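model.tsv follows (TSV, C-alpha atoms and all ligand atoms):
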chain	number	residue	atom	x	y	z
A	1	MET	CA	-15.93	15.11	-21.12
A	2	ALA	CA	-13.62	18.02	-20.32
A	3	THR	CA	-13.86	21.14	-22.45
A	4	PRO	CA	-11.42	20.75	-25.33
A	5	VAL	CA	-8.44	23.09	-25.21
A	6	ILE	CA	-8.84	23.88	-28.90
A	7	GLU	CA	-11.86	23.12	-31.02
A	8	THR	CA	-12.32	24.38	-34.54
A	9	GLU	CA	-15.60	24.33	-36.37
A	10	GLY	CA	-15.45	24.82	-40.13
A	11	LEU	CA	-12.51	27.17	-39.75
A	12	THR	CA	-11.80	28.74	-43.14
A	13	LYS	CA	-9.52	31.37	-44.63
A	14	ILE	CA	-9.82	32.80	-48.09
A	15	PHE	CA	-7.13	35.30	-49.06
A	16	GLY	CA	-7.72	37.98	-51.69
A	17	ARG	CA	-11.47	37.57	-51.85
A	18	LEU	CA	-12.03	39.92	-54.79
A	19	ARG	CA	-9.18	39.28	-57.12
A	20	ASN	CA	-7.91	35.78	-57.45
A	21	PRO	CA	-9.32	34.28	-54.23
A	22	LYS	CA	-7.16	31.65	-52.59
A	23	LEU	CA	-8.65	29.07	-50.23
A	24	ALA	CA	-5.81	28.65	-47.73
A	25	VAL	CA	-7.76	26.87	-44.97
A	26	ASP	CA	-10.84	24.94	-46.00
A	27	HIS	CA	-13.51	24.26	-43.35
A	28	ILE	CA	-11.34	22.39	-40.92
A	29	HIS	CA	-12.58	20.62	-37.81
A	30	PHE	CA	-10.36	19.25	-35.07
A	31	ARG	CA	-10.21	19.14	-31.31
A	32	VAL	CA	-7.31	19.07	-28.92
A	33	GLU	CA	-7.86	17.58	-25.47
A	34	PRO	CA	-6.12	18.76	-22.28
A	35	GLY	CA	-2.59	17.45	-21.76
A	36	GLN	CA	-2.15	16.32	-25.35
A	37	VAL	CA	0.74	17.08	-27.64
A	38	TYR	CA	-1.03	17.67	-30.93
A	39	GLY	CA	0.98	17.73	-34.14
A	40	PHE	CA	-0.27	19.67	-37.14
A	41	LEU	CA	1.63	18.24	-40.04
A	42	GLY	CA	1.69	19.32	-43.65
A	43	PRO	CA	3.86	20.43	-46.55
A	44	ASN	CA	4.84	24.06	-47.17
A	45	GLY	CA	1.85	26.22	-47.94
A	46	ALA	CA	-0.64	23.69	-46.53
A	47	GLY	CA	-2.29	26.25	-44.26
A	48	LYS	CA	-0.67	25.50	-40.90
A	49	SER	CA	0.46	29.00	-39.95
A	50	THR	CA	-2.77	30.51	-41.24
A	51	THR	CA	-4.73	28.17	-38.96
A	52	ILE	CA	-2.62	29.23	-35.97
A	53	ARG	CA	-3.02	32.92	-36.80
A	54	MET	CA	-6.79	32.52	-36.80
A	55	MET	CA	-6.69	30.57	-33.53
A	56	LEU	CA	-4.73	33.39	-31.91
A	57	ASN	CA	-6.99	36.06	-33.35
A	58	LEU	CA	-4.06	37.54	-35.29
A	59	MET	CA	-6.10	37.12	-38.45
A	60	HIS	CA	-9.83	37.04	-39.12
A	61	ALA	CA	-11.41	33.79	-40.18
A	62	SER	CA	-13.42	33.99	-43.42
A	63	ASP	CA	-15.83	31.42	-42.02
A	64	GLY	CA	-16.19	29.11	-39.02
A	65	LYS	CA	-14.46	29.55	-35.69
A	66	ALA	CA	-11.75	28.35	-33.38
A	67	LEU	CA	-12.64	28.00	-29.70
A	68	ILE	CA	-9.87	28.16	-27.13
A	69	PHE	CA	-10.83	26.65	-23.75
A	70	GLY	CA	-14.38	26.77	-25.06
A	71	GLU	CA	-14.29	30.51	-25.74
A	72	ASP	CA	-14.15	32.44	-28.97
A	73	PRO	CA	-11.14	34.81	-28.71
A	74	ARG	CA	-12.97	37.28	-30.96
A	75	GLN	CA	-15.57	37.73	-28.24
A	76	LYS	CA	-13.37	37.04	-25.24
A	77	PRO	CA	-9.80	38.07	-26.10
A	78	GLU	CA	-8.62	37.62	-22.48
A	79	ILE	CA	-8.85	33.85	-22.97
A	80	LEU	CA	-5.58	34.25	-24.88
A	81	PHE	CA	-3.81	35.10	-21.61
A	82	ARG	CA	-3.88	31.36	-21.03
A	83	VAL	CA	-2.00	30.78	-24.27
A	84	GLY	CA	1.73	31.09	-24.98
A	85	SER	CA	2.82	31.07	-28.57
A	86	LEU	CA	5.75	31.09	-30.89
A	87	VAL	CA	4.49	31.99	-34.35
A	88	GLU	CA	6.62	31.85	-37.51
A	89	GLY	CA	9.95	32.50	-35.89
A	90	ALA	CA	10.61	34.64	-32.88
A	91	THR	CA	10.91	38.38	-33.22
A	92	PHE	CA	12.67	40.45	-30.58
A	93	TYR	CA	14.26	43.86	-30.17
A	94	PRO	CA	17.73	43.20	-31.60
A	95	TYR	CA	19.48	45.90	-29.59
A	96	LEU	CA	18.08	44.73	-26.27
A	97	ARG	CA	19.65	41.91	-24.28
A	98	GLY	CA	17.84	38.61	-24.08
A	99	TRP	CA	16.90	39.36	-20.49
A	100	ASP	CA	15.44	42.77	-21.33
A	101	ASN	CA	13.47	41.30	-24.18
A	102	LEU	CA	11.89	38.85	-21.73
A	103	LYS	CA	11.08	41.82	-19.47
A	104	VAL	CA	9.33	43.59	-22.33
A	105	VAL	CA	7.29	40.48	-23.09
A	106	GLY	CA	6.46	39.89	-19.40
A	107	ASN	CA	5.40	43.47	-18.82
A	108	SER	CA	3.19	43.43	-21.89
A	109	ARG	CA	1.36	40.46	-20.38
A	110	GLY	CA	0.64	41.84	-16.94
A	111	GLY	CA	3.98	41.70	-15.11
A	112	PHE	CA	7.51	40.34	-15.27
A	113	ASP	CA	8.43	37.53	-12.89
A	114	ALA	CA	12.25	37.48	-12.66
A	115	THR	CA	12.38	34.16	-10.81
A	116	ARG	CA	10.29	32.48	-13.46
A	117	ALA	CA	12.37	34.08	-16.22
A	118	LYS	CA	15.54	32.63	-14.66
A	119	GLN	CA	13.98	29.18	-14.45
A	120	LEU	CA	12.91	29.41	-18.07
A	121	LEU	CA	16.38	30.44	-19.22
A	122	GLN	CA	17.63	27.31	-17.51
A	123	PHE	CA	14.88	25.23	-19.12
A	124	VAL	CA	15.75	26.42	-22.64
A	125	GLY	CA	19.50	26.32	-22.05
A	126	LEU	CA	20.24	30.02	-22.39
A	127	VAL	CA	21.81	30.70	-18.98
A	128	GLY	CA	24.85	32.92	-19.54
A	129	SER	CA	23.48	34.37	-22.78
A	130	GLU	CA	20.75	36.51	-21.24
A	131	ARG	CA	23.14	39.49	-20.95
A	132	VAL	CA	23.96	39.36	-24.66
A	133	ARG	CA	22.07	41.54	-27.14
A	134	VAL	CA	19.66	39.53	-29.24
A	135	LYS	CA	21.27	40.76	-32.47
A	136	ALA	CA	24.23	38.57	-31.56
A	137	TYR	CA	22.06	35.46	-31.03
A	138	SER	CA	22.12	32.59	-33.47
A	139	THR	CA	18.86	31.39	-35.03
A	140	GLY	CA	18.65	28.54	-32.54
A	141	MET	CA	19.26	30.91	-29.60
A	142	LYS	CA	16.47	33.19	-30.81
A	143	GLN	CA	14.20	30.19	-31.11
A	144	ARG	CA	15.04	29.19	-27.53
A	145	LEU	CA	14.39	32.71	-26.28
A	146	GLY	CA	11.10	32.56	-28.18
A	147	ILE	CA	10.13	29.43	-26.27
A	148	ALA	CA	11.06	31.08	-22.96
A	149	ALA	CA	8.98	34.12	-23.91
A	150	ALA	CA	6.03	31.90	-24.87
A	151	LEU	CA	6.15	30.25	-21.43
A	152	LEU	CA	6.63	33.42	-19.37
A	153	ASN	CA	3.01	33.87	-18.42
A	154	ASN	CA	2.75	30.19	-17.43
A	155	PRO	CA	0.21	29.37	-20.15
A	156	ASP	CA	-1.98	26.27	-20.08
A	157	LEU	CA	-1.77	25.97	-23.85
A	158	VAL	CA	1.47	26.35	-25.77
A	159	ILE	CA	1.28	26.88	-29.53
A	160	LEU	CA	4.52	26.41	-31.42
A	161	ASP	CA	4.75	27.06	-35.15
A	162	GLU	CA	7.70	25.09	-36.50
A	163	PRO	CA	9.57	25.11	-33.19
A	164	THR	CA	12.73	23.48	-34.49
A	165	ASN	CA	13.13	25.84	-37.42
A	166	GLY	CA	16.78	26.73	-37.83
A	167	MET	CA	17.97	24.53	-34.99
A	168	ASP	CA	20.88	22.12	-35.21
A	169	PRO	CA	20.37	18.37	-34.61
A	170	ALA	CA	21.32	18.64	-30.92
A	171	GLY	CA	18.93	21.56	-30.50
A	172	ILE	CA	16.18	19.64	-32.25
A	173	ARG	CA	16.64	16.73	-29.87
A	174	GLU	CA	16.50	19.08	-26.89
A	175	MET	CA	13.42	20.79	-28.29
A	176	ARG	CA	11.65	17.45	-28.51
A	177	GLN	CA	12.48	16.87	-24.90
A	178	PHE	CA	11.18	20.36	-23.95
A	179	ILE	CA	7.94	19.66	-25.72
A	180	ARG	CA	7.45	16.32	-24.02
A	181	ASP	CA	8.40	17.82	-20.65
A	182	LEU	CA	5.90	20.63	-21.14
A	183	ALA	CA	3.11	18.11	-21.53
A	184	TYR	CA	4.11	15.22	-19.34
A	185	LYS	CA	5.95	17.00	-16.50
A	186	TYR	CA	4.15	20.31	-16.42
A	187	GLY	CA	0.72	19.27	-17.66
A	188	LYS	CA	0.51	21.77	-20.53
A	189	THR	CA	-1.33	21.17	-23.74
A	190	VAL	CA	0.95	21.65	-26.73
A	191	PHE	CA	-0.09	22.35	-30.31
A	192	LEU	CA	2.79	22.29	-32.75
A	193	THR	CA	3.16	22.52	-36.48
A	194	SER	CA	5.85	20.91	-38.48
A	195	HIS	CA	6.68	19.62	-41.90
A	196	LEU	CA	9.18	17.29	-40.28
A	197	LEU	CA	7.54	13.93	-39.98
A	198	SER	CA	10.06	12.57	-37.54
A	199	GLU	CA	9.44	15.49	-35.22
A	200	VAL	CA	5.72	14.91	-35.09
A	201	GLN	CA	6.13	11.16	-34.83
A	202	GLN	CA	8.48	11.52	-31.89
A	203	THR	CA	6.71	14.25	-29.96
A	204	SER	CA	2.99	14.10	-30.57
A	205	ASP	CA	0.16	11.94	-29.27
A	206	ARG	CA	-2.25	12.95	-31.93
A	207	VAL	CA	-1.77	14.32	-35.42
A	208	ALA	CA	-3.73	16.04	-38.13
A	209	ILE	CA	-2.27	15.95	-41.62
A	210	ILE	CA	-3.22	19.05	-43.57
A	211	ASN	CA	-2.77	19.45	-47.30
A	212	LYS	CA	-4.00	22.33	-49.49
A	213	GLY	CA	-6.03	23.68	-46.59
A	214	LYS	CA	-7.87	20.44	-45.88
A	215	ILE	CA	-7.35	17.95	-43.10
A	216	VAL	CA	-6.81	14.68	-44.87
A	217	VAL	CA	-6.18	12.46	-41.85
A	218	GLU	CA	-6.61	12.92	-38.13
A	219	GLY	CA	-6.04	10.55	-35.26
A	220	LEU	CA	-3.82	9.08	-32.58
A	221	ILE	CA	-0.40	8.39	-34.03
A	222	GLU	CA	-0.39	4.89	-32.54
A	223	GLU	CA	-3.67	4.04	-34.22
A	224	LEU	CA	-2.76	5.58	-37.57
A	225	LEU	CA	0.47	3.66	-37.71
A	226	ASN	CA	-0.93	0.35	-36.63
A	227	GLN	CA	-3.71	0.28	-39.14
A	228	GLU	CA	-2.11	-2.32	-41.28
A	229	GLU	CA	0.59	-4.87	-41.03
A	230	GLN	CA	3.43	-4.89	-43.48
A	231	LEU	CA	6.43	-7.04	-44.19
A	232	GLU	CA	9.69	-5.82	-45.58
A	233	ALA	CA	11.67	-8.18	-47.77
A	234	GLU	CA	15.17	-7.76	-49.09
A	235	VAL	CA	15.40	-9.61	-52.37
A	236	GLY	CA	17.76	-10.22	-55.27
A	237	SER	CA	15.42	-8.68	-57.82
A	238	ILE	CA	12.60	-6.31	-57.00
A	239	GLU	CA	10.98	-6.82	-60.38
A	240	LYS	CA	11.02	-10.61	-60.21
A	241	ALA	CA	9.75	-10.52	-56.63
A	242	LYS	CA	6.91	-8.19	-57.56
A	243	THR	CA	5.85	-10.43	-60.41
A	244	ALA	CA	5.99	-13.47	-58.15
A	245	LEU	CA	3.92	-11.93	-55.37
A	246	GLN	CA	1.49	-9.43	-56.81
A	247	GLU	CA	-1.13	-11.99	-57.70
A	248	ARG	CA	-1.80	-12.58	-54.01
A	249	TRP	CA	-0.38	-9.60	-52.17
A	250	GLN	CA	-0.12	-5.89	-52.61
A	251	VAL	CA	3.56	-5.05	-53.07
A	252	ALA	CA	5.55	-1.86	-53.53
A	253	ALA	CA	9.20	-0.93	-53.66
A	254	SER	CA	10.47	0.74	-50.48
A	255	THR	CA	10.18	4.52	-50.48
A	256	VAL	CA	13.33	4.87	-48.42
A	257	PRO	CA	16.25	6.13	-50.54
A	258	ASN	CA	19.16	3.72	-50.96
A	259	GLU	CA	17.00	0.73	-50.16
A	260	HIS	CA	16.39	-0.20	-53.76
A	261	ASN	CA	16.29	-3.94	-53.17
A	262	LYS	CA	13.66	-3.76	-50.46
A	263	LEU	CA	10.03	-4.49	-50.97
A	264	ARG	CA	7.03	-3.65	-48.81
A	265	ILE	CA	4.32	-6.30	-48.76
A	266	LYS	CA	0.88	-5.75	-47.30
A	267	ALA	CA	0.67	-9.01	-45.42
A	268	SER	CA	0.90	-10.27	-41.88
A	269	ARG	CA	3.71	-12.13	-40.20
A	270	ASN	CA	1.79	-15.40	-40.65
A	271	ASP	CA	2.13	-15.03	-44.42
A	272	THR	CA	5.92	-15.11	-44.20
A	273	PRO	CA	6.36	-18.84	-44.98
A	274	SER	CA	4.11	-18.74	-48.05
A	275	ILE	CA	5.81	-15.58	-49.30
A	276	VAL	CA	9.27	-17.09	-48.92
A	277	ARG	CA	8.13	-20.31	-50.60
A	278	ARG	CA	6.66	-18.39	-53.51
A	279	LEU	CA	9.81	-16.31	-53.97
A	280	VAL	CA	12.09	-19.34	-53.85
A	281	GLU	CA	9.87	-21.20	-56.34
A	282	GLN	CA	10.26	-18.28	-58.72
A	283	ASN	CA	14.05	-18.19	-58.26
A	284	VAL	CA	14.10	-14.92	-56.37
A	285	ASP	CA	16.91	-14.66	-53.82
A	286	VAL	CA	15.63	-13.73	-50.37
A	287	PHE	CA	18.07	-12.00	-48.03
A	288	SER	CA	15.65	-11.13	-45.26
A	289	ILE	CA	11.98	-10.74	-44.51
A	290	ALA	CA	10.50	-9.20	-41.40
A	291	PRO	CA	7.41	-7.35	-40.14
A	292	VAL	CA	7.82	-3.55	-40.11
A	293	ARG	CA	5.95	-0.85	-38.35
A	294	GLN	CA	4.67	1.62	-40.85
A	295	SER	CA	6.45	4.91	-40.30
A	296	LEU	CA	4.56	8.15	-40.28
A	297	GLU	CA	6.52	9.04	-43.38
A	298	ASP	CA	5.10	6.10	-45.35
A	299	TYR	CA	1.69	6.98	-44.05
A	300	PHE	CA	2.11	10.57	-45.06
A	301	LEU	CA	3.23	9.58	-48.54
A	302	GLU	CA	0.18	7.41	-48.87
A	303	VAL	CA	-2.31	10.10	-47.91
A	304	ILE	CA	-0.63	13.06	-49.59
A	305	GLY	CA	0.31	11.04	-52.66
A	306	ASP	CA	1.31	13.14	-55.63
A	307	ASP	CA	1.30	16.40	-53.73
A	308	PHE	CA	4.40	15.32	-51.97
A	309	VAL	CA	7.57	16.90	-53.27
A	310	GLN	CA	10.34	14.68	-52.05
A	311	PRO	CA	13.45	16.67	-51.25
A	312	ASN	CA	16.81	15.19	-52.10
A	313	SER	CA	18.42	16.35	-48.91
A	314	SER	CA	16.56	14.48	-46.22
A	315	PRO	CA	14.03	11.69	-46.32
A	316	LEU	CA	12.39	13.16	-43.25
A	317	SER	CA	11.37	16.59	-44.44
A	318	ILE	CA	8.41	17.13	-46.65
A	319	GLY	CA	7.60	19.81	-49.16
A	320	GLY	CA	11.08	21.17	-49.72
A	321	THR	CA	13.76	22.48	-47.46
A	322	PRO	CA	12.89	23.96	-44.08
A	323	HIS	CA	12.67	27.70	-44.44
A	324	ALA	CA	14.95	29.93	-42.40
A	401	LIG	N1	-1.23	37.09	-46.05
A	401	LIG	C1	-1.43	36.25	-47.07
A	401	LIG	N2	-1.94	36.69	-48.24
A	401	LIG	C2	-2.18	35.84	-49.26
A	401	LIG	N3	-1.92	34.53	-49.22
A	401	LIG	C3	-1.40	34.03	-48.10
A	401	LIG	C4	-1.12	34.85	-46.95
A	401	LIG	N4	-0.62	34.07	-45.97
A	401	LIG	C5	-0.57	32.83	-46.47
A	401	LIG	N5	-1.05	32.78	-47.74
A	401	LIG	C6	-1.19	31.59	-48.57
A	401	LIG	O1	-1.96	30.63	-47.89
A	401	LIG	C7	-1.43	29.34	-48.05
A	401	LIG	C8	-1.14	28.73	-46.69
A	401	LIG	O2	-0.04	29.41	-46.11
A	401	LIG	P1	0.53	29.06	-44.67
A	401	LIG	O3	1.57	30.07	-44.35
A	401	LIG	O4	-0.60	28.90	-43.72
A	401	LIG	O5	1.18	27.66	-44.95
A	401	LIG	P2	2.04	26.75	-43.96
A	401	LIG	O6	1.37	25.42	-43.91
A	401	LIG	O7	2.29	27.45	-42.69
A	401	LIG	O8	3.39	26.57	-44.78
A	401	LIG	P3	4.93	26.55	-44.29
A	401	LIG	O9	5.24	25.11	-43.96
A	401	LIG	O10	5.67	26.98	-45.51
A	401	LIG	O11	5.09	27.47	-43.13
A	401	LIG	C9	-0.22	29.48	-48.95
A	401	LIG	O12	-0.61	29.18	-50.26
A	401	LIG	C10	0.16	30.93	-48.82
A	401	LIG	O13	0.74	31.38	-49.99
A	402	MG	MG	3.98	28.13	-41.73

Written as structure tokens, how would this file's structure read?
Amino acid sequence: MATPVIETEGLTKIFGRLRNPKLAVDHIHFRVEPGQVYGFLGPNGAGKSTTIRMMLNLMHASDGKALIFGEDPRQKPEILFRVGSLVEGATFYPYLRGWDNLKVVGNSRGGFDATRAKQLLQFVGLVGSERVRVKAYSTGMKQRLGIAAALLNNPDLVILDEPTNGMDPAGIREMRQFIRDLAYKYGKTVFLTSHLLSEVQQTSDRVAIINKGKIVVEGLIEELLNQEEQLEAEVGSIEKAKTALQERWQVAASTVPNEHNKLRIKASRNDTPSIVRRLVEQNVDVFSIAPVRQSLEDYFLEVIGDDFVQPNSSPLSIGGTPHA
């Protein structure tokens, strides 16, 4: 098997060891294979950024290690030349133009390649804005420049911490496309964090769900989502339907807001006739019943359970509003 691009072994971070120690990352193990888009998903404060900081040697691990291309960056820091990263929002010199900021970044990493910088500006959609000072950039523009900067040294591994932070819906869609292009057109390995389930579901091949510093689930998205069959039924009365069905099937009201008359039933398509018969016998009106693919959101709710703080604003973000 090829050397994993990232492999962590018992990676741990404890903040404030003496007074009030806080276990932010708790002995995590995961591996990322070449060419994968790997999503690191978890609510605010789960330990995502801390994990990335340790991987990039920006912070010391309290225990365990993170190997990048099989090397420990603490012993072989030059391995990080093969890594491009965007960590917790992009920071640039505000009084320098976008172009000059890229120059600074390029020069700090062994040389600025103007041709490549131009291609990257095209790739991130910033052509025309490179002559503008960064202080006049919007959040989304800074984020795009951050992506261009991360890719300047043509890294094999791209690490993106909350890449769509502060971007508008159109920008988010483009970002998803960038991420997929990076992996599938350009053969990069991408590691991204997000608390946006839809983002991870739509971009990643593999996902780890982290909560309170622990990885609670890890696997291929396809496999995680296809673990069990479910049916969704729209009925006249949720309560009556539950009573009618729960003897034989596991049932729950839909977690999707504004779908109060929908029921999720853990059953296969072949059970549909008996379910309908049972509901009709019990005088429950049935409007529709169909198999549904479990969304990553449902899955997330199941594994995170009570730790999930459902925001009112969007059913797709977890753990509160995205931070600016
Ligand atoms: N420098 C620090 N000193 C003390 N505690 C910290 C420090 N950095 C992070 N923490 C704590 O560690 C935990 C994990 O933080 P981290 O930033 O890794 O979370 P995250 O998953 O990236 O969250 P978010 O989605 O909000 O970015 C949090 O409880 C946080 O308060
Ligand atoms: Mg973070």

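When CA of Ala150 in chain A is paired with CA of Arg131 in chain A, their separation reads 19.1 Å.
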
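A distance search around ligand LIG 401 (chain A) (6 Å at most, only C-alpha atoms and all ligand atoms) returns the following protein and nucleic acid residues: Phe15, Ala24, Pro43, Asn44, Gly45, Ala46, Gly47, Lys48, Ser49 and Thr50 of chain A.
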
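A straight line drawn from CA of Ile52 in chain A to CA of Gly140 in chain A is 21.6 Å long.
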
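If you count only C-alpha atoms and ignore residues fewer than 3 places along the chain from Glu239 in chain A, what sits within 12 Å of it is Val235, Gly236, Lys242, Thr243, Ala244, Leu245, Gln246, Val251, Ala252, Ala253, His260, Asn261, Lys262, Leu263, Leu279, Gln282, Asn283, Val284 and Asp285 of chain A.
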
Just C-alpha atoms for this one: save the residues we selected as a PDB file, keeping the file's coordinate frame.
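Output file part_27.pdb is given in full below:
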ATOM      1  CA  VAL A 235      15.400  -9.610 -52.370  1.00  0.00           C
ATOM      2  CA  GLY A 236      17.760 -10.220 -55.270  1.00  0.00           C
ATOM      3  CA  LYS A 242       6.910  -8.190 -57.560  1.00  0.00           C
ATOM      4  CA  THR A 243       5.850 -10.430 -60.410  1.00  0.00           C
ATOM      5  CA  ALA A 244       5.990 -13.470 -58.150  1.00  0.00           C
ATOM      6  CA  LEU A 245       3.920 -11.930 -55.370  1.00  0.00           C
ATOM      7  CA  GLN A 246       1.490  -9.430 -56.810  1.00  0.00           C
ATOM      8  CA  VAL A 251       3.560  -5.050 -53.070  1.00  0.00           C
ATOM      9  CA  ALA A 252       5.550  -1.860 -53.530  1.00  0.00           C
ATOM     10  CA  ALA A 253       9.200  -0.930 -53.660  1.00  0.00           C
ATOM     11  CA  HIS A 260      16.390  -0.200 -53.760  1.00  0.00           C
ATOM     12  CA  ASN A 261      16.290  -3.940 -53.170  1.00  0.00           C
ATOM     13  CA  LYS A 262      13.660  -3.760 -50.460  1.00  0.00           C
ATOM     14  CA  LEU A 263      10.030  -4.490 -50.970  1.00  0.00           C
ATOM     15  CA  LEU A 279       9.810 -16.310 -53.970  1.00  0.00           C
ATOM     16  CA  GLN A 282      10.260 -18.280 -58.720  1.00  0.00           C
ATOM     17  CA  ASN A 283      14.050 -18.190 -58.260  1.00  0.00           C
ATOM     18  CA  VAL A 284      14.100 -14.920 -56.370  1.00  0.00           C
ATOM     19  CA  ASP A 285      16.910 -14.660 -53.820  1.00  0.00           C
TER      20      ASP A 285
END

Selection: 9 Å around range 168-185 of chain A, only C-alpha atoms, excl. self and same-chain fewer than 2 positions, as a PyMOL selection string: chain A and resi 35-37+123-124+140+144+158+163-166+187-190+199+202-204
